[in-house]
>>> print(open('data-v5.cif').read())   # mmCIF, C-alpha atoms and all ligand atoms
data_structure
#
loop_
_atom_site.label_atom_id
_atom_site.label_comp_id
_atom_site.auth_asym_id
_atom_site.auth_seq_id
_atom_site.Cartn_x
_atom_site.Cartn_y
_atom_site.Cartn_z
CA MET D 272 -87.84 35.60 57.00
CA ALA D 273 -91.21 35.08 55.34
CA SER D 274 -92.21 36.03 51.80
CA GLY D 275 -94.61 38.87 51.13
CA PHE D 276 -97.84 38.68 49.18
CA LEU D 277 -99.82 41.64 47.95
CA PHE D 278 -103.43 41.54 46.82
CA HIS D 279 -106.48 43.79 46.90
CA GLU D 280 -110.08 42.84 46.17
CA LEU D 281 -110.48 45.91 43.93
CA TYR D 282 -108.01 44.36 41.48
CA MET D 283 -110.76 41.83 40.77
CA TRP D 284 -113.29 44.59 40.06
CA HIS D 285 -111.39 46.06 37.10
CA ASP D 286 -113.94 45.44 34.35
CA THR D 287 -112.62 44.55 30.90
CA GLY D 288 -116.10 43.88 29.55
CA ARG D 289 -117.29 41.49 26.88
CA ALA D 290 -115.01 40.21 24.15
CA ALA D 291 -113.95 37.04 22.42
CA LEU D 292 -110.43 36.28 23.70
CA TRP D 293 -109.11 39.85 23.28
CA HIS D 294 -111.30 40.98 20.38
CA PRO D 295 -114.20 43.29 21.20
CA ALA D 296 -117.63 41.76 20.74
CA GLY D 297 -119.80 43.03 17.91
CA LEU D 298 -122.09 41.97 15.10
CA THR D 299 -119.60 39.41 13.85
CA VAL D 300 -118.08 38.41 17.20
CA GLU D 301 -120.38 36.85 19.79
CA PRO D 302 -119.81 38.36 23.24
CA ASP D 303 -117.84 36.21 25.67
CA LEU D 304 -115.77 37.06 28.72
CA ASN D 305 -112.59 39.01 27.90
CA ALA D 306 -109.57 36.69 28.27
CA GLU D 307 -108.13 39.21 30.74
CA ASN D 308 -110.66 38.87 33.53
CA SER D 309 -110.46 38.30 37.27
CA ASP D 310 -110.82 34.50 37.19
CA THR D 311 -107.21 33.39 36.75
CA LYS D 312 -105.95 35.75 39.42
CA ARG D 313 -108.70 35.02 41.93
CA ARG D 314 -108.21 31.28 41.47
CA PHE D 315 -104.43 31.69 41.91
CA ARG D 316 -105.02 33.34 45.28
CA ASN D 317 -107.73 30.82 46.19
CA LEU D 318 -105.32 27.94 45.63
CA LEU D 319 -102.70 29.59 47.87
CA ASP D 320 -105.44 29.85 50.48
CA VAL D 321 -106.64 26.24 50.15
CA ALA D 322 -103.04 24.97 50.12
CA GLY D 323 -102.48 26.74 53.44
CA LEU D 324 -99.62 28.80 52.03
CA LEU D 325 -101.37 32.15 52.38
CA ASP D 326 -101.20 31.76 56.19
CA HIS D 327 -97.42 31.73 56.00
CA LEU D 328 -97.03 34.77 53.77
CA VAL D 329 -96.80 38.34 55.03
CA ALA D 330 -99.80 40.26 53.72
CA ILE D 331 -98.57 43.55 52.29
CA LYS D 332 -101.11 46.36 52.21
CA ALA D 333 -101.75 48.01 48.86
CA ARG D 334 -101.81 51.78 48.47
CA PRO D 335 -102.66 53.94 45.47
CA ALA D 336 -99.75 55.37 43.53
CA ALA D 337 -99.60 59.16 43.52
CA VAL D 338 -99.99 60.90 40.17
CA ASP D 339 -96.44 62.25 40.28
CA GLU D 340 -95.14 58.74 40.91
CA VAL D 341 -97.00 57.41 37.86
CA GLN D 342 -95.64 60.30 35.83
CA ARG D 343 -92.13 58.98 36.41
CA VAL D 344 -92.78 56.78 33.37
CA HIS D 345 -96.06 58.05 31.87
CA THR D 346 -96.96 61.38 30.32
CA ALA D 347 -99.26 63.74 32.23
CA ASP D 348 -101.63 63.80 29.24
CA TYR D 349 -102.00 60.04 29.26
CA VAL D 350 -102.67 59.83 33.00
CA LYS D 351 -105.30 62.57 32.67
CA ARG D 352 -106.92 60.84 29.70
CA ILE D 353 -107.34 57.61 31.68
CA LYS D 354 -108.87 59.50 34.61
CA THR D 355 -111.33 61.35 32.38
CA MET D 356 -112.51 58.16 30.67
CA SER D 357 -112.66 56.24 33.94
CA ASP D 358 -114.70 59.02 35.61
CA ALA D 359 -117.20 58.80 32.75
CA HIS D 360 -118.10 55.34 31.52
CA GLY D 361 -114.69 53.80 30.87
CA GLY D 362 -113.14 53.32 27.46
CA ASP D 363 -109.97 51.95 25.92
CA ALA D 364 -106.53 53.06 27.12
CA GLY D 365 -105.08 52.64 23.65
CA GLU D 366 -104.86 49.22 22.02
CA ALA D 367 -106.86 46.25 23.33
CA THR D 368 -107.07 47.76 26.81
CA PRO D 369 -110.75 48.18 27.62
CA PHE D 370 -111.78 49.31 31.08
CA GLY D 371 -114.85 50.37 33.00
CA PRO D 372 -115.65 53.10 35.51
CA GLY D 373 -113.16 53.23 38.39
CA SER D 374 -110.31 51.52 36.59
CA TYR D 375 -108.16 54.64 36.92
CA GLU D 376 -108.18 54.24 40.69
CA ILE D 377 -107.72 50.47 40.42
CA ALA D 378 -104.76 50.92 38.06
CA LEU D 379 -103.24 53.40 40.53
CA LEU D 380 -103.75 50.78 43.25
CA ALA D 381 -102.00 48.16 41.11
CA ALA D 382 -99.03 50.47 40.52
CA GLY D 383 -98.94 51.58 44.16
CA GLY D 384 -99.37 48.00 45.35
CA THR D 385 -96.32 46.95 43.37
CA MET D 386 -94.40 49.83 44.95
CA ALA D 387 -95.61 48.80 48.43
CA ALA D 388 -94.35 45.27 47.80
CA LEU D 389 -91.05 46.78 46.65
CA ASP D 390 -90.84 48.83 49.86
CA ALA D 391 -91.30 45.65 51.91
CA VAL D 392 -88.53 43.86 50.00
CA VAL D 393 -86.03 46.70 50.06
CA GLY D 394 -86.96 47.60 53.64
CA GLY D 395 -86.09 44.07 54.71
CA GLU D 396 -89.56 43.31 56.07
CA VAL D 397 -89.91 40.26 53.81
CA ALA D 398 -87.46 37.92 52.12
CA ASN D 399 -89.04 38.54 48.71
CA ALA D 400 -92.54 39.36 47.49
CA TYR D 401 -95.22 38.63 44.92
CA ALA D 402 -97.62 41.40 43.93
CA LEU D 403 -100.77 39.82 42.51
CA VAL D 404 -102.01 42.98 40.85
CA ARG D 405 -104.45 43.74 38.07
CA PRO D 406 -104.55 45.39 35.56
CA PRO D 407 -101.14 44.12 34.41
CA GLY D 408 -98.45 46.54 33.26
CA HIS D 409 -95.65 45.39 30.96
CA HIS D 410 -97.28 46.41 27.64
CA ALA D 411 -98.20 49.93 28.81
CA GLU D 412 -96.15 52.61 27.05
CA PRO D 413 -95.43 56.16 28.28
CA ASP D 414 -98.41 57.63 26.44
CA ARG D 415 -100.76 54.73 25.75
CA GLY D 416 -102.14 51.55 27.18
CA ARG D 417 -101.66 48.34 25.24
CA GLY D 418 -102.50 44.68 25.69
CA PHE D 419 -104.69 44.97 28.83
CA CYS D 420 -102.07 47.17 30.56
CA ILE D 421 -102.80 50.69 31.82
CA PHE D 422 -99.81 51.70 33.98
CA GLY D 423 -96.36 50.04 33.87
CA ASN D 424 -96.33 48.42 37.31
CA ALA D 425 -92.90 46.81 37.04
CA ALA D 426 -91.32 49.91 35.50
CA LEU D 427 -92.85 52.08 38.20
CA ALA D 428 -91.46 49.79 40.91
CA VAL D 429 -88.00 50.14 39.34
CA ARG D 430 -88.19 53.94 39.32
CA HIS D 431 -89.55 53.89 42.87
CA ALA D 432 -86.56 51.78 43.96
CA GLN D 433 -84.20 54.27 42.36
CA VAL D 434 -85.92 57.49 43.48
CA ARG D 435 -87.18 56.55 46.92
CA HIS D 436 -84.61 53.95 47.98
CA LYS D 437 -81.67 55.34 46.01
CA LEU D 438 -80.86 52.00 44.42
CA GLY D 439 -78.58 52.16 41.39
CA ARG D 440 -78.82 49.22 39.04
CA VAL D 441 -82.05 47.27 38.73
CA ALA D 442 -82.78 44.32 36.44
CA VAL D 443 -86.18 43.36 35.06
CA VAL D 444 -86.69 39.80 33.87
CA ASP D 445 -89.98 39.30 32.03
CA TRP D 446 -91.12 35.68 31.61
CA ASP D 447 -94.60 36.55 30.34
CA VAL D 448 -95.18 34.90 26.93
CA HIS D 449 -95.64 38.31 25.32
CA HIS D 450 -92.90 40.87 24.77
CA GLY D 451 -92.40 43.35 27.59
CA ASN D 452 -92.49 46.23 25.11
CA GLY D 453 -93.56 48.87 27.61
CA THR D 454 -90.77 48.16 30.08
CA GLN D 455 -88.29 47.99 27.20
CA LYS D 456 -89.43 51.37 25.87
CA MET D 457 -89.28 53.12 29.24
CA PHE D 458 -85.66 52.11 29.88
CA TYR D 459 -84.37 51.80 26.31
CA GLU D 460 -81.75 54.54 26.73
CA ASP D 461 -81.08 53.92 30.42
CA PRO D 462 -77.97 51.90 31.37
CA SER D 463 -79.08 51.70 35.01
CA VAL D 464 -81.89 49.28 34.13
CA LEU D 465 -81.20 45.97 32.39
CA THR D 466 -84.37 44.69 30.77
CA ILE D 467 -84.60 41.07 29.63
CA SER D 468 -87.74 39.70 28.02
CA ILE D 469 -88.26 36.02 27.22
CA HIS D 470 -91.28 35.67 24.97
CA GLN D 471 -92.86 33.96 21.99
CA ASP D 472 -91.30 35.18 18.76
CA ASN D 473 -93.19 38.00 17.03
CA TRP D 474 -96.43 37.40 18.90
CA TYR D 475 -97.75 40.43 20.79
CA PRO D 476 -97.24 43.26 20.15
CA ALA D 477 -96.71 42.63 16.43
CA ASP D 478 -93.19 43.23 15.12
CA SER D 479 -91.83 43.74 18.63
CA GLY D 480 -89.28 41.99 20.83
CA HIS D 481 -86.64 41.14 18.26
CA LEU D 482 -83.06 40.15 19.08
CA HIS D 483 -81.73 43.28 17.42
CA GLU D 484 -83.57 45.59 19.84
CA THR D 485 -80.66 45.98 22.26
CA GLY D 486 -81.10 49.50 23.62
CA ALA D 487 -79.99 52.89 22.35
CA GLY D 488 -77.65 55.71 23.33
CA LYS D 489 -76.24 55.13 26.80
CA GLY D 490 -78.67 52.23 27.15
CA GLN D 491 -77.09 50.36 24.25
CA GLY D 492 -76.60 46.75 25.30
CA TYR D 493 -78.93 46.94 28.28
CA ASN D 494 -81.99 45.42 26.63
CA ILE D 495 -82.04 41.74 25.75
CA ASN D 496 -84.88 40.00 23.95
CA VAL D 497 -85.12 36.23 23.70
CA PRO D 498 -87.83 35.60 21.11
CA LEU D 499 -88.31 31.85 21.52
CA PRO D 500 -90.08 29.93 18.75
CA PRO D 501 -93.67 28.88 19.45
CA GLY D 502 -93.82 25.43 21.03
CA SER D 503 -90.90 25.99 23.39
CA GLY D 504 -91.09 24.02 26.63
CA ARG D 505 -88.85 22.87 29.47
CA ASP D 506 -85.36 22.67 27.99
CA PRO D 507 -85.27 25.89 25.94
CA TYR D 508 -86.78 27.86 28.82
CA ILE D 509 -84.30 26.53 31.38
CA ALA D 510 -81.42 26.99 28.93
CA THR D 511 -82.50 30.61 28.39
CA PHE D 512 -82.29 31.29 32.11
CA GLU D 513 -78.99 29.45 32.55
CA ARG D 514 -77.26 30.72 29.41
CA VAL D 515 -78.76 34.20 28.92
CA VAL D 516 -80.41 35.54 32.09
CA ALA D 517 -77.83 34.28 34.63
CA PRO D 518 -74.67 35.49 32.84
CA ALA D 519 -76.28 38.83 31.94
CA LEU D 520 -77.27 39.43 35.56
CA ARG D 521 -73.85 38.32 36.86
CA ARG D 522 -72.19 40.87 34.61
CA PHE D 523 -74.72 43.62 35.36
CA LYS D 524 -74.69 43.13 39.16
CA PRO D 525 -78.14 44.53 39.98
CA GLU D 526 -79.11 45.73 43.45
CA LEU D 527 -82.64 44.42 42.93
CA ILE D 528 -84.33 42.02 40.52
CA VAL D 529 -87.93 42.52 39.39
CA ILE D 530 -89.72 39.71 37.59
CA ALA D 531 -92.65 40.55 35.32
CA SER D 532 -94.45 37.30 36.02
CA GLY D 533 -96.92 36.15 33.41
CA PHE D 534 -98.07 32.55 33.36
CA ASP D 535 -99.28 32.69 29.78
CA GLY D 536 -96.25 30.69 28.67
CA GLY D 537 -98.23 27.86 30.25
CA ILE D 538 -99.05 24.86 28.13
CA TYR D 539 -102.83 25.38 28.35
CA ASP D 540 -102.85 29.13 27.77
CA PRO D 541 -105.33 30.43 25.18
CA LEU D 542 -103.17 33.49 24.35
CA GLY D 543 -99.82 31.78 23.98
CA ARG D 544 -98.36 28.81 22.15
CA MET D 545 -95.66 27.68 24.54
CA MET D 546 -95.35 24.51 26.65
CA VAL D 547 -94.23 25.71 30.08
CA THR D 548 -95.56 23.63 32.99
CA SER D 549 -95.64 24.41 36.69
CA THR D 550 -92.54 22.21 37.09
CA THR D 551 -90.63 24.51 34.75
CA TYR D 552 -91.95 27.71 36.34
CA ARG D 553 -90.77 26.29 39.67
CA LYS D 554 -87.31 25.73 38.22
CA LEU D 555 -87.18 29.23 36.71
CA ALA D 556 -88.20 30.70 40.07
CA ARG D 557 -85.44 28.65 41.75
CA ILE D 558 -82.84 29.98 39.32
CA MET D 559 -83.98 33.56 39.96
CA ILE D 560 -84.07 33.14 43.76
CA ASP D 561 -80.52 31.75 43.71
CA LEU D 562 -79.34 34.60 41.46
CA ALA D 563 -80.93 37.19 43.75
CA ALA D 564 -79.23 35.56 46.75
CA GLU D 565 -75.89 35.57 44.94
CA LEU D 566 -76.10 39.09 43.52
CA CYS D 567 -78.36 41.37 45.57
CA GLY D 568 -78.97 40.02 49.04
CA GLY D 569 -82.02 38.06 47.88
CA ARG D 570 -83.92 41.19 46.85
CA LEU D 571 -86.54 39.84 44.46
CA LEU D 572 -89.94 41.26 43.56
CA LEU D 573 -92.43 39.52 41.30
CA THR D 574 -95.31 41.46 39.82
CA HIS D 575 -98.17 39.70 38.07
CA GLU D 576 -98.70 40.16 34.33
CA GLY D 577 -100.64 37.78 32.05
CA GLY D 578 -101.84 34.18 32.22
CA TYR D 579 -105.25 33.28 30.89
CA SER D 580 -105.92 29.64 31.65
CA ALA D 581 -108.19 29.82 34.69
CA ALA D 582 -107.63 26.11 35.27
CA TYR D 583 -103.85 26.09 35.01
CA VAL D 584 -102.46 29.46 36.16
CA PRO D 585 -103.12 28.66 39.86
CA TYR D 586 -100.77 25.64 39.79
CA CYS D 587 -98.01 27.65 38.13
CA GLY D 588 -98.52 30.38 40.72
CA LEU D 589 -98.49 27.93 43.62
CA ALA D 590 -95.25 26.33 42.40
CA VAL D 591 -93.55 29.75 42.22
CA MET D 592 -94.87 30.76 45.64
CA GLU D 593 -93.64 27.49 47.16
CA GLU D 594 -90.15 28.19 45.86
CA LEU D 595 -90.23 31.83 46.97
CA SER D 596 -91.38 30.97 50.47
CA GLY D 597 -89.41 27.74 50.83
CA ARG D 598 -92.59 25.95 51.92
CA LYS D 599 -93.89 22.92 50.10
CA THR D 600 -97.63 22.37 50.45
CA ASN D 601 -99.43 19.09 49.97
CA ILE D 602 -101.15 20.26 46.80
CA GLY D 603 -99.43 19.16 43.62
CA ASP D 604 -100.10 20.01 39.99
CA PRO D 605 -102.80 17.52 38.96
CA PHE D 606 -101.95 17.99 35.29
CA ALA D 607 -98.21 17.34 35.65
CA VAL D 608 -98.43 13.60 35.18
CA PHE D 609 -99.51 14.18 31.58
CA ILE D 610 -97.90 17.42 30.52
CA ASP D 611 -94.41 16.98 31.98
CA VAL D 612 -93.94 13.83 29.91
CA ALA D 613 -95.45 15.29 26.74
CA GLY D 614 -93.37 15.40 23.59
CA GLY D 615 -91.67 18.64 22.66
CA HIS D 616 -89.89 19.61 25.87
CA HIS D 617 -86.42 18.99 24.48
CA MET D 618 -84.23 21.58 22.78
CA TYR D 619 -84.58 21.72 19.00
CA PRO D 620 -82.09 23.35 16.63
CA HIS D 621 -84.28 26.38 15.80
CA GLN D 622 -84.60 27.12 19.54
CA GLU D 623 -80.89 26.57 20.17
CA ALA D 624 -80.09 29.08 17.42
CA VAL D 625 -82.09 31.86 19.11
CA ILE D 626 -80.68 31.13 22.56
CA ALA D 627 -77.11 31.10 21.24
CA LYS D 628 -77.61 34.58 19.75
CA ALA D 629 -79.15 35.91 22.97
CA ALA D 630 -76.32 34.35 25.00
CA ALA D 631 -73.84 36.38 22.95
CA LEU D 632 -75.77 39.55 23.85
CA ALA D 633 -75.60 38.56 27.54
CA GLN D 634 -71.80 38.30 27.30
CA ALA D 635 -71.67 41.93 26.11
CA VAL D 636 -73.44 43.35 29.17
CA LYS D 637 -71.19 45.59 31.24
ZN ZN H 1 -98.82 38.06 28.34
#
>>> encode(input="data-v5.cif", output="structure tokens")
Amino acid sequence: MASGFLFHELYMWHDTGRAALWHPAGLTVEPDLNAENSDTKRRFRNLLDVAGLLDHLVAIKARPAAVDEVQRVHTADYVKRIKTMSDAHGGDAGEATPFGPGSYEIALLAAGGTMAALDAVVGGEVANAYALVRPPGHHAEPDRGRGFCIFGNAALAVRHAQVRHKLGRVAVVDWDVHHGNGTQKMFYEDPSVLTISIHQDNWYPADSGHLHETGAGKGQGYNINVPLPPGSGRDPYIATFERVVAPALRRFKPELIVIASGFDGGIYDPLGRMMVTSTTYRKLARIMIDLAAELCGGRLLLTHEGGYSAAYVPYCGLAVMEELSGRKTNIGDPFAVFIDVAGGHHMYPHQEAVIAKAAALAQAVK
């Protein structure tokens, strides 16, 4: 069975305006393109096209999420506020989440697109699926947007799987370089959703994503953070997946795995300080595909989050899509010859210490 791929041109029209990296332009900050713009995502899709892979993927049609679906994780007030601003001239959804006119509808299309991709996976129409949506979702909280995210796409897909498809346990694995604070918050007291975030230690949001944030109430033990030190590359990332993610998922036994897929752990990313290369993303994808096959009939949905190197994200994306689809193209990562042999990919003691603590949390999952 083929893999699914979801995209919509309107995702590229979500306008984050002028900024320098993520900081709004002003009298002391010369206007540049916001780091979260359409380039990285468009170029990711373009490379799939040029590599010939797009022809072998099942195109899944996006649909807008209904307001009551979005309100499964967001407050009615928040959803209304976004619509009002979007209908006028745009605004900011909360913290560092600027948007222009029409972004309300585009954000609904991103959330609904992720749900459509989920439907295709759970319905058995595709082996697995990648939803290349924008705006991203994992920082969005119930009542405010944060970090470029308006609606929690991954969280909404999880709730959709539970409400519409009656799935029980769902796991979310977030490999974006930033903490998946929104997803964590939405399921913090919910033992039916295991949330695991692998991210750069104390990066964004500030003071978020610590090891000691393990869930609360009935959800105690069902949230695992792996705050890797800046500079982490191949070995600590792979060890995290083998020693934390895999045992946690084996104990949890999910019926579906959702990956919040950001490529800003990439070695060239302007908003992260990690050293992940396409070779490592490929390996992480392989581990997750094998886990999904072992635990939940292969049910695996990836939804796009961050990744801000327009030059490099496409090669990370292509590597993941090759693994998902089982089809190798004849386009390789042109940077690999330098970056895979760079110094710093080995495991260092300060990384080992974090992973060992997270591995202990994984052993406590029930
Ligand atoms: Zn990110």
>>> closest_residue(input="data-v5.cif", among="D:Arg313, D:Arg430, D:Arg435, D:Arg544", to="ligand ZN 1 (chain H)", atoms="only C-alpha atoms and all ligand atoms")
D:Arg544
>>> residues_near_ligand(input="data-v5.cif", ligand="ligand ZN 1 (chain H)", cutoff="12 Å", atoms="all atoms listed in the file", output="ChimeraX atom specification")
/D:293,306-307,406-411,417-420,445-452,468-471,474-476,531-537,540-545,575-580
>>> closest_residue(input="data-v5.cif", among="D:Leu482, D:Val444, D:Leu298, D:Leu465", to="Leu555 of chain D", atoms="only C-alpha atoms")
D:Val444
>>> closest_atom_pairs(input="data-v5.cif", of="segment 570-620 of chain D", to="segment 503-525 of chain D", cutoff="10 Å", atoms="all atoms listed in the file", output="tab-separated table")
residue	atom	partner	partner_atom	distance
D:Arg570	CA	D:Pro525	CA	9.6
D:Asp611	CA	D:Arg505	CA	8.5
D:Ala613	CA	D:Gly504	CA	9.8
D:Gly614	CA	D:Gly504	CA	9.4
D:Gly615	CA	D:Gly504	CA	6.7
D:His616	CA	D:Gly504	CA	4.6
D:His617	CA	D:Asp506	CA	5.2
D:Met618	CA	D:Asp506	CA	5.4
D:Tyr619	CA	D:Pro507	CA	8.1
>>> residues_near_point(input="data-v5.cif", point="(-82.8, 56.2, 42.8)", cutoff="12 Å", atoms="only C-alpha atoms", output="list in words")
Arg343, Leu427, Ala428, Val429, Arg430, His431, Ala432, Gln433, Val434, Arg435, His436, Lys437, Leu438, Gly439, Arg440, Val441, Ser463, Val464, Glu526 and Leu527 of chain D
>>> residues_around(input="data-v5.cif", residues="Asn308 of chain D", least_positions_apart="3", cutoff="9 Å", atoms="all atoms listed in the file", output="VMD selection string")
chain D and resid 283 285 to 288 304 to 305 311 to 312 579
>>> atom_distance(input="data-v5.cif", atom1="atom CA of Gly361 of chain D", atom2="atom CA of Asp414 of chain D")
17.3 Å
>>> closest_residue(input="data-v5.cif", among="D:Ile421, D:Leu572, D:Leu319, D:Leu403", to="Glu366 of chain D", atoms="all atoms listed in the file")
D:Ile421
>>> atom_distance(input="data-v5.cif", atom1="atom CA of Cys567 of chain D", atom2="atom CA of Tyr401 of chain D")
17.1 Å
>>> closest_residue(input="data-v5.cif", among="D:Pro302, D:Pro335, D:Gly603, D:Gly394", to="Ile377 of chain D", atoms="only C-alpha atoms")
D:Pro335
>>> closest_residue(input="data-v5.cif", among="D:Gly480, D:Thr485, D:Thr574, D:Asp303", to="Ala382 of chain D", atoms="all atoms listed in the file")
D:Thr574
>>> closest_residue(input="data-v5.cif", among="D:Glu565, D:Ala347, D:Lys489, D:Leu589", to="Leu325 of chain D", atoms="all atoms listed in the file")
D:Leu589
>>> residues_around(input="data-v5.cif", residues="Leu328 of chain D", least_positions_apart="6", cutoff="7 Å", atoms="all atoms listed in the file", output="list in words")
Ala273, Ser274, Gly275 and Phe276 of chain D
>>> atom_distance(input="data-v5.cif", atom1="atom CA of Pro501 of chain D", atom2="atom CA of Glu484 of chain D")
19.5 Å
>>> residues_around(input="data-v5.cif", residues="Leu571 of chain D", least_positions_apart="2", cutoff="9 Å", atoms="all atoms listed in the file", output="list in words")
Leu389, Val392, Val393, Ala398, Asn399, Ala400, Tyr401, Leu527, Ile528, Val529, Ile530, Met559, Ile560, Ala563, Ala564, Cys567, Gly568, Gly569 and Leu573 of chain D
>>> residues_near_point(input="data-v5.cif", point="(-83.8, 56.9, 24.8)", cutoff="7 Å", atoms="only C-alpha atoms", output="mmCIF file with C-alpha atoms, keeping the file's coordinate frame")
data_model
loop_
_atom_site.group_PDB
_atom_site.id
_atom_site.type_symbol
_atom_site.label_atom_id
_atom_site.label_comp_id
_atom_site.auth_asym_id
_atom_site.auth_seq_id
_atom_site.Cartn_x
_atom_site.Cartn_y
_atom_site.Cartn_z
ATOM 1 C CA TYR D 459 -84.370 51.800 26.310
ATOM 2 C CA GLU D 460 -81.750 54.540 26.730
ATOM 3 C CA ASP D 461 -81.080 53.920 30.420
ATOM 4 C CA ALA D 487 -79.990 52.890 22.350
ATOM 5 C CA GLY D 488 -77.650 55.710 23.330
#
>>> build_atoms(input="data-v5.cif", residues="segment 321-335 of chain D", atoms="N, CA and C atoms", output="compact mmCIF listing (two decimals), keeping the file's coordinate frame")
# COMPACT_ATOMS: atom_id res chain seq x y z
N VAL D 321 -106.27 27.63 49.90
CA VAL D 321 -106.64 26.24 50.15
C VAL D 321 -105.41 25.40 50.50
N ALA D 322 -104.27 25.72 49.86
CA ALA D 322 -103.04 24.97 50.12
C ALA D 322 -102.44 25.30 51.49
N GLY D 323 -102.98 26.35 52.12
CA GLY D 323 -102.48 26.74 53.44
C GLY D 323 -101.26 27.64 53.37
N LEU D 324 -100.84 27.99 52.17
CA LEU D 324 -99.62 28.80 52.03
C LEU D 324 -99.85 30.26 52.41
N LEU D 325 -101.05 30.75 52.11
CA LEU D 325 -101.37 32.15 52.38
C LEU D 325 -101.12 32.51 53.85
N ASP D 326 -101.39 31.54 54.75
CA ASP D 326 -101.20 31.76 56.19
C ASP D 326 -99.74 32.03 56.54
N HIS D 327 -98.84 31.59 55.68
CA HIS D 327 -97.42 31.73 56.00
C HIS D 327 -96.76 32.89 55.26
N LEU D 328 -97.57 33.63 54.50
CA LEU D 328 -97.03 34.77 53.77
C LEU D 328 -97.39 36.05 54.51
N VAL D 329 -96.52 37.04 54.41
CA VAL D 329 -96.80 38.34 55.03
C VAL D 329 -97.70 39.14 54.08
N ALA D 330 -98.88 39.48 54.56
CA ALA D 330 -99.80 40.26 53.72
C ALA D 330 -99.32 41.71 53.67
N ILE D 331 -99.02 42.17 52.46
CA ILE D 331 -98.57 43.55 52.29
C ILE D 331 -99.78 44.38 51.87
N LYS D 332 -99.94 45.52 52.49
CA LYS D 332 -101.11 46.36 52.21
C LYS D 332 -100.89 47.22 50.97
N ALA D 333 -101.86 47.20 50.08
CA ALA D 333 -101.75 48.01 48.86
C ALA D 333 -102.06 49.47 49.18
N ARG D 334 -101.48 50.34 48.37
CA ARG D 334 -101.81 51.78 48.47
C ARG D 334 -101.86 52.33 47.05
N PRO D 335 -102.65 53.38 46.83
CA PRO D 335 -102.66 53.94 45.47
C PRO D 335 -101.36 54.68 45.17
